[in-house]
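Taking it in order: structure first as structure tokens, then the write-up.
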Amino acid sequence: MVSTDRYSLTKDKAECQETSGGVEELTVSGYIEAREGESSPKPPGASSFKGAGSRSSPKPREGQGEDCRGGGDGYLELYTNVSSWLEATCDKNGVGWFVSGGCENGHRFAKTLVCQKEWCPICGAEGSIAHNRRWLRWLPKIQQFGTMGYFVFTMPEALRSKYRRKKALSGLGHQVQELLKAFGYSRGLRRWHYFGDKSEKYHPHLNCLVDGGYLSPQKLDAIKRGYAELLGVEIADVNYHYRKSQGKMLHSLRYICRSTFRDYTWDLKLALELKGFRNMVVWGRGRWDNDPSWSLDELKGKAEGQVEGLQIEAIESLAEKRCPVCGMPITWGKALPVWLLYAEERQDLGAGYYRLTNNKAPPARGRYRPKYPLLGYLANIKHCRLAVAEKRAEAEARAEAEENQGWWVDLLGGDAYE
């Protein structure tokens with residue numbers, strides 16, 4: 001694990017500036033060696049309450065449980081744990097991380113690491129690295145839809161308290177998925193929104209994108225009745241729209257992949273409960289191998305601007321650990337401070353991915369490739385010295401031959417060979 005202690009990292013950077021005259025003079029390998037010599041760092045969340053900064057403790061809201069009321073120790077512990085996550089990544093106040101990787105052909109790349117938490121002030125913003133990575137992950141599947149159906153399964157307010165745990169949300173999401181499959185939607189994607197756009201009150205609703213078009217009122221009513229049975233109520237609300245244009249499909253995709261839980265103080269207990277929750281779910285295994293029904297070149301207007309500057313094919317390839325240049329596997333390295341990335345020449349591919357300068361060309365096939373790099377380094381030095389010695393010997397022999405030839409010419413009167 002790489003240390004995410006904000007204060008120790010700041011101290012390390014200060015020491016580098018004092019000893020080397022600037023952070024940009026510090027090499028990546030030197031940083032790794034320095035960090036490997038340290039003791040095991042504290043995990044995020046293990047620091048004291050002062051790690052949350054000078055921010056005052058927010059007031060607990062209704063429905064968060066007795067341990068979150070009155071500003072007691074339980075509430076302070078919750079606040080400490082959640083707020084400490086927000087200082088660990090995403091380049092907040094100079095604290096951020098990236099990993100570099102490359103293929104065997106010397107093509108190098110980098111990707112920044114982000115926490116992807118909905119309530120993170122950086123990852124929770126629309127158009128952030130986390131938001132872009134979410135919808136870009138699903139874009140190739142959406143491009144297989146000729147038209148797209150968009151369901152929203154809402155929940156009566158009286159039942160929302162029953163769905164405040166990961167197991168309950170996951171279970172209901174799977175039941176809705178099976179319901180849609182029973183009505184002919186053999187493949188689709190689903191994601192929960194936890195809050196509404198204009199409210200801080202818990203309001204879970206499930207978004208589903210399916211391969212579909214116009215839906216008759218009779219079939220929609222049947223789906224509503226099936227959903228009501230899942231909830232155990234008489235009436236349940238299900239909204240449905242279908243998209244025919246590529247721009248509206250892209251807009252719907254970006255919309256459901258955005259964050260709605262934008263401030264963890266809205267519901268601290270829920271924030272802790274959702275840690276590690278898998279909220280991006282695809283169904284229809286083996287049914288996503290079709291050719292795209294439309295391309296990004298067909299986008300116009302606002303939709304065209306939303307993909308501008310994004311090297312989407314390269315991003316998709318890197319997300320699958322494949323080199324976008326040659327197709328070879330990408331091997332990612334250890335996490336490093338993001339300011340080392342900023343000091344290197346790079347090309348921005350979008351969504352936090354970068355292309356770096358290539359390594360030197362790989363050795364020719366058949367050349368000795370040692371198992372241990374140090375032995376290979378010494379072998380190369382020996383090879384270079386032997387080559388230099390051979391050239392020096394040839395030069396000395398040639399000079400000696402020319403000198404002997406000149407001596408015989410002088411001895412024979414200077415015109416023996418004319």
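Letters A, B, ... mark the chains of the structure tokens in the order given; residue numbers begin at 1 per chain; ligand numbers begin at 1, in order shown.
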
Set out as a Markdown table a contact list for region 242-298 of chain A and region 212-218 of chain A with a cut-off of 8 Å, giving each residue of region 242-298 of chain A that qualifies its closest atom pair and distance in Å to one decimal, counting only C-alpha atoms, ordered by chain and rising residue number.
```
| residue | atom | partner | partner_atom | distance |
| --- | --- | --- | --- | --- |
| A:Tyr242 | CA | A:Gly213 | CA | 5.4 |
| A:Arg243 | CA | A:Gly213 | CA | 7.3 |
| A:Lys244 | CA | A:Gly213 | CA | 7.8 |
```

Exercise. Determine which residues of region 127-195 of chain A DSSP labels as helix (DSSP H, G or I) from the backbone of this structure, then write them out as a PyMOL selection string.
Key: chain A and resi 129-142+157-163+166-182

Selection to disk with N, CA and C atoms, as a tab-separated table (two decimals), in the first residue's frame:
```tsv
chain	number	residue	atom	x	y	z
A	129	ILE	N	-13.17	13.38	-13.81
A	129	ILE	CA	-12.52	12.15	-14.27
A	129	ILE	C	-13.37	10.94	-13.91
A	130	ALA	N	-13.88	10.89	-12.67
A	130	ALA	CA	-14.69	9.75	-12.23
A	130	ALA	C	-15.97	9.65	-13.06
A	131	HIS	N	-16.64	10.77	-13.29
A	131	HIS	CA	-17.88	10.77	-14.07
A	131	HIS	C	-17.61	10.30	-15.50
A	132	ASN	N	-16.56	10.82	-16.10
A	132	ASN	CA	-16.24	10.44	-17.48
A	132	ASN	C	-15.88	8.96	-17.58
A	133	ARG	N	-15.18	8.43	-16.60
A	133	ARG	CA	-14.82	7.02	-16.65
A	133	ARG	C	-16.05	6.13	-16.53
A	134	ARG	N	-17.04	6.58	-15.76
A	134	ARG	CA	-18.25	5.77	-15.63
A	134	ARG	C	-18.97	5.64	-16.96
A	135	TRP	N	-19.29	6.77	-17.60
A	135	TRP	CA	-20.10	6.66	-18.82
A	135	TRP	C	-19.29	6.16	-20.00
A	136	LEU	N	-17.97	6.41	-20.01
A	136	LEU	CA	-17.14	5.86	-21.09
A	136	LEU	C	-17.06	4.34	-21.01
A	137	ARG	N	-17.15	3.79	-19.80
A	137	ARG	CA	-17.12	2.34	-19.63
A	137	ARG	C	-18.35	1.69	-20.30
A	138	TRP	N	-19.48	2.40	-20.27
A	138	TRP	CA	-20.73	1.88	-20.83
A	138	TRP	C	-20.98	2.31	-22.27
A	139	LEU	N	-20.23	3.27	-22.76
A	139	LEU	CA	-20.50	3.82	-24.09
A	139	LEU	C	-20.50	2.76	-25.20
A	140	PRO	N	-19.52	1.83	-25.26
A	140	PRO	CA	-19.55	0.83	-26.34
A	140	PRO	C	-20.82	-0.01	-26.34
A	141	LYS	N	-21.42	-0.24	-25.17
A	141	LYS	CA	-22.66	-1.01	-25.11
A	141	LYS	C	-23.83	-0.16	-25.60
A	142	ILE	N	-23.87	1.10	-25.21
A	142	ILE	CA	-24.94	1.98	-25.66
A	142	ILE	C	-24.91	2.15	-27.17
A	157	GLU	N	-42.22	6.74	-0.26
A	157	GLU	CA	-41.45	7.27	0.85
A	157	GLU	C	-41.51	6.37	2.08
A	158	ALA	N	-42.64	5.70	2.28
A	158	ALA	CA	-42.81	4.85	3.47
A	158	ALA	C	-41.89	3.63	3.45
A	159	LEU	N	-41.41	3.24	2.27
A	159	LEU	CA	-40.56	2.05	2.15
A	159	LEU	C	-39.06	2.37	2.11
A	160	ARG	N	-38.69	3.63	2.02
A	160	ARG	CA	-37.28	3.96	1.78
A	160	ARG	C	-36.36	3.54	2.92
A	161	SER	N	-36.88	3.55	4.15
A	161	SER	CA	-36.04	3.16	5.28
A	161	SER	C	-35.64	1.69	5.21
A	162	LYS	N	-36.39	0.85	4.48
A	162	LYS	CA	-36.06	-0.56	4.34
A	162	LYS	C	-34.91	-0.79	3.37
A	163	TYR	N	-34.60	0.23	2.58
A	163	TYR	CA	-33.57	0.08	1.54
A	163	TYR	C	-32.41	1.05	1.79
A	166	LYS	N	-26.67	-2.03	1.64
A	166	LYS	CA	-26.20	-2.52	0.34
A	166	LYS	C	-26.94	-3.78	-0.10
A	167	LYS	N	-27.16	-4.69	0.84
A	167	LYS	CA	-27.80	-5.96	0.48
A	167	LYS	C	-29.22	-5.72	-0.03
A	168	ALA	N	-29.95	-4.80	0.61
A	168	ALA	CA	-31.32	-4.52	0.19
A	168	ALA	C	-31.35	-3.85	-1.18
A	169	LEU	N	-30.48	-2.87	-1.40
A	169	LEU	CA	-30.44	-2.19	-2.69
A	169	LEU	C	-30.02	-3.14	-3.81
A	170	SER	N	-29.02	-3.95	-3.54
A	170	SER	CA	-28.54	-4.90	-4.54
A	170	SER	C	-29.62	-5.94	-4.87
A	171	GLY	N	-30.31	-6.40	-3.83
A	171	GLY	CA	-31.35	-7.41	-4.05
A	171	GLY	C	-32.51	-6.88	-4.86
A	172	LEU	N	-32.97	-5.67	-4.55
A	172	LEU	CA	-34.07	-5.09	-5.31
A	172	LEU	C	-33.64	-4.80	-6.75
A	173	GLY	N	-32.40	-4.34	-6.93
A	173	GLY	CA	-31.90	-4.09	-8.29
A	173	GLY	C	-31.89	-5.35	-9.13
A	174	HIS	N	-31.50	-6.47	-8.52
A	174	HIS	CA	-31.50	-7.75	-9.26
A	174	HIS	C	-32.92	-8.21	-9.58
A	175	GLN	N	-33.85	-7.99	-8.66
A	175	GLN	CA	-35.23	-8.38	-8.91
A	175	GLN	C	-35.83	-7.57	-10.07
A	176	VAL	N	-35.53	-6.27	-10.10
A	176	VAL	CA	-36.02	-5.44	-11.21
A	176	VAL	C	-35.40	-5.89	-12.52
A	177	GLN	N	-34.14	-6.23	-12.49
A	177	GLN	CA	-33.45	-6.74	-13.68
A	177	GLN	C	-34.14	-8.00	-14.21
A	178	GLU	N	-34.47	-8.94	-13.32
A	178	GLU	CA	-35.15	-10.16	-13.75
A	178	GLU	C	-36.57	-9.87	-14.25
A	179	LEU	N	-37.21	-8.87	-13.66
A	179	LEU	CA	-38.54	-8.47	-14.13
A	179	LEU	C	-38.48	-7.98	-15.58
A	180	LEU	N	-37.50	-7.15	-15.87
A	180	LEU	CA	-37.36	-6.63	-17.23
A	180	LEU	C	-36.98	-7.74	-18.21
A	181	LYS	N	-36.16	-8.67	-17.77
A	181	LYS	CA	-35.82	-9.80	-18.64
A	181	LYS	C	-37.07	-10.62	-18.97
A	182	ALA	N	-37.98	-10.75	-18.01
A	182	ALA	CA	-39.22	-11.50	-18.25
A	182	ALA	C	-40.10	-10.82	-19.29
```

Quiz item: Within 9 Å of Trp294 (chain A), counting only C-alpha atoms, which residues qualify if same-chain residues fewer than 5 places away don't, as a PyMOL selection string?
Solution: chain A and resi 143-146+246

Quiz prompt | Minimum-distance residue to Leu268 (chain A), chosen among A:Tyr353, A:Tyr202, A:Tyr240, A:Trp192 (using only C-alpha atoms) | solution = A:Tyr202

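Put simply, CA of Val152 (chain A) is 9.9 Å away from CA of Arg191 (chain A).
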
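Residue nearest His193 (chain A), chosen from A:Arg258, A:His107, A:His241, A:Lys224 and counting only C-alpha atoms: A:Arg258.
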
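Distance-wise, CA of Arg355 (chain A) and CA of Ala319 (chain A) end up 13.4 Å apart.
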
Self-check item: Proximity to Lys201 (chain A) - best of A:Arg285, A:Arg262, A:Lys275, A:Lys111, only C-alpha atoms
Solution: A:Arg262

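Taking CA of Val338 (chain A) and CA of Glu313 (chain A) as endpoints, the distance between them is 24.1 Å.
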
Quiz item: Could you pull the residues within 10 Å of Leu189 (chain A), counting only C-alpha atoms, minus those fewer than 3 positions along the same chain, as a count of residues only?
Solution: 16

Quiz item: Could you pull out the strand (DSSP E or B) residues of region 180-247 of chain A from DSSP and send them as a ChimeraX atom specification?
Solution: /A:188-195,202-211,238-243

Residues just named, written with C-alpha atoms as a tab-separated table (two decimals), in the first residue's frame:
```tsv
chain	number	residue	atom	x	y	z
A	188	GLY	CA	-29.37	-3.70	-20.15
A	189	LEU	CA	-27.58	-1.57	-17.58
A	190	ARG	CA	-28.71	-0.34	-14.16
A	191	ARG	CA	-27.56	2.22	-11.61
A	192	TRP	CA	-29.05	3.66	-8.41
A	193	HIS	CA	-29.53	7.37	-7.72
A	194	TYR	CA	-29.72	8.05	-3.99
A	195	PHE	CA	-31.06	11.62	-3.93
A	202	TYR	CA	-32.98	10.14	0.81
A	203	HIS	CA	-34.90	9.25	-2.35
A	204	PRO	CA	-33.53	6.05	-3.97
A	205	HIS	CA	-34.59	5.33	-7.55
A	206	LEU	CA	-33.22	2.81	-10.00
A	207	ASN	CA	-32.24	3.83	-13.55
A	208	CYS	CA	-32.22	1.14	-16.25
A	209	LEU	CA	-31.07	1.52	-19.88
A	210	VAL	CA	-32.30	-1.23	-22.19
A	211	ASP	CA	-32.29	-2.14	-25.85
A	238	VAL	CA	-42.34	3.51	-13.05
A	239	ASN	CA	-41.36	6.13	-15.63
A	240	TYR	CA	-40.34	5.21	-19.16
A	241	HIS	CA	-38.88	7.14	-22.12
A	242	TYR	CA	-37.23	5.95	-25.29
A	243	ARG	CA	-34.45	7.67	-27.22
```

Self-check item: Long-range neighbours of Leu231 (chain A) as a PyMOL selection string, 10 Å cut-off, only C-alpha atoms, 4 positions minimum in chain
Solution: chain A and resi 155-156+159+172+225-227+235-236

Go ahead and save the residues from that selection, with N, CA and C atoms, as a CSV table (one decimal), in the first residue's frame.
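Wrote it out as out29.csv, contents follow:
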```csv
chain,number,residue,atom,x,y,z
A,155,MET,N,-39.6,4.8,-5.6
A,155,MET,CA,-39.9,4.0,-4.4
A,155,MET,C,-40.8,4.9,-3.5
A,156,PRO,N,-41.9,4.4,-2.9
A,156,PRO,CA,-42.8,5.1,-2.0
A,156,PRO,C,-42.0,5.6,-0.8
A,159,LEU,N,-41.4,3.2,2.3
A,159,LEU,CA,-40.6,2.1,2.1
A,159,LEU,C,-39.1,2.4,2.1
A,172,LEU,N,-33.0,-5.7,-4.6
A,172,LEU,CA,-34.1,-5.1,-5.3
A,172,LEU,C,-33.6,-4.8,-6.7
A,225,ARG,N,-47.2,-3.2,-12.3
A,225,ARG,CA,-47.8,-4.2,-11.4
A,225,ARG,C,-46.8,-5.2,-10.9
A,226,GLY,N,-45.9,-5.6,-11.8
A,226,GLY,CA,-44.8,-6.5,-11.3
A,226,GLY,C,-43.9,-5.9,-10.3
A,227,TYR,N,-43.6,-4.6,-10.5
A,227,TYR,CA,-42.7,-3.9,-9.6
A,227,TYR,C,-43.4,-3.7,-8.3
A,235,ILE,N,-49.6,0.0,-5.5
A,235,ILE,CA,-49.3,0.9,-6.6
A,235,ILE,C,-47.8,1.3,-6.5
A,236,ALA,N,-47.1,1.2,-7.6
A,236,ALA,CA,-45.7,1.7,-7.7
A,236,ALA,C,-45.5,2.5,-8.9
```
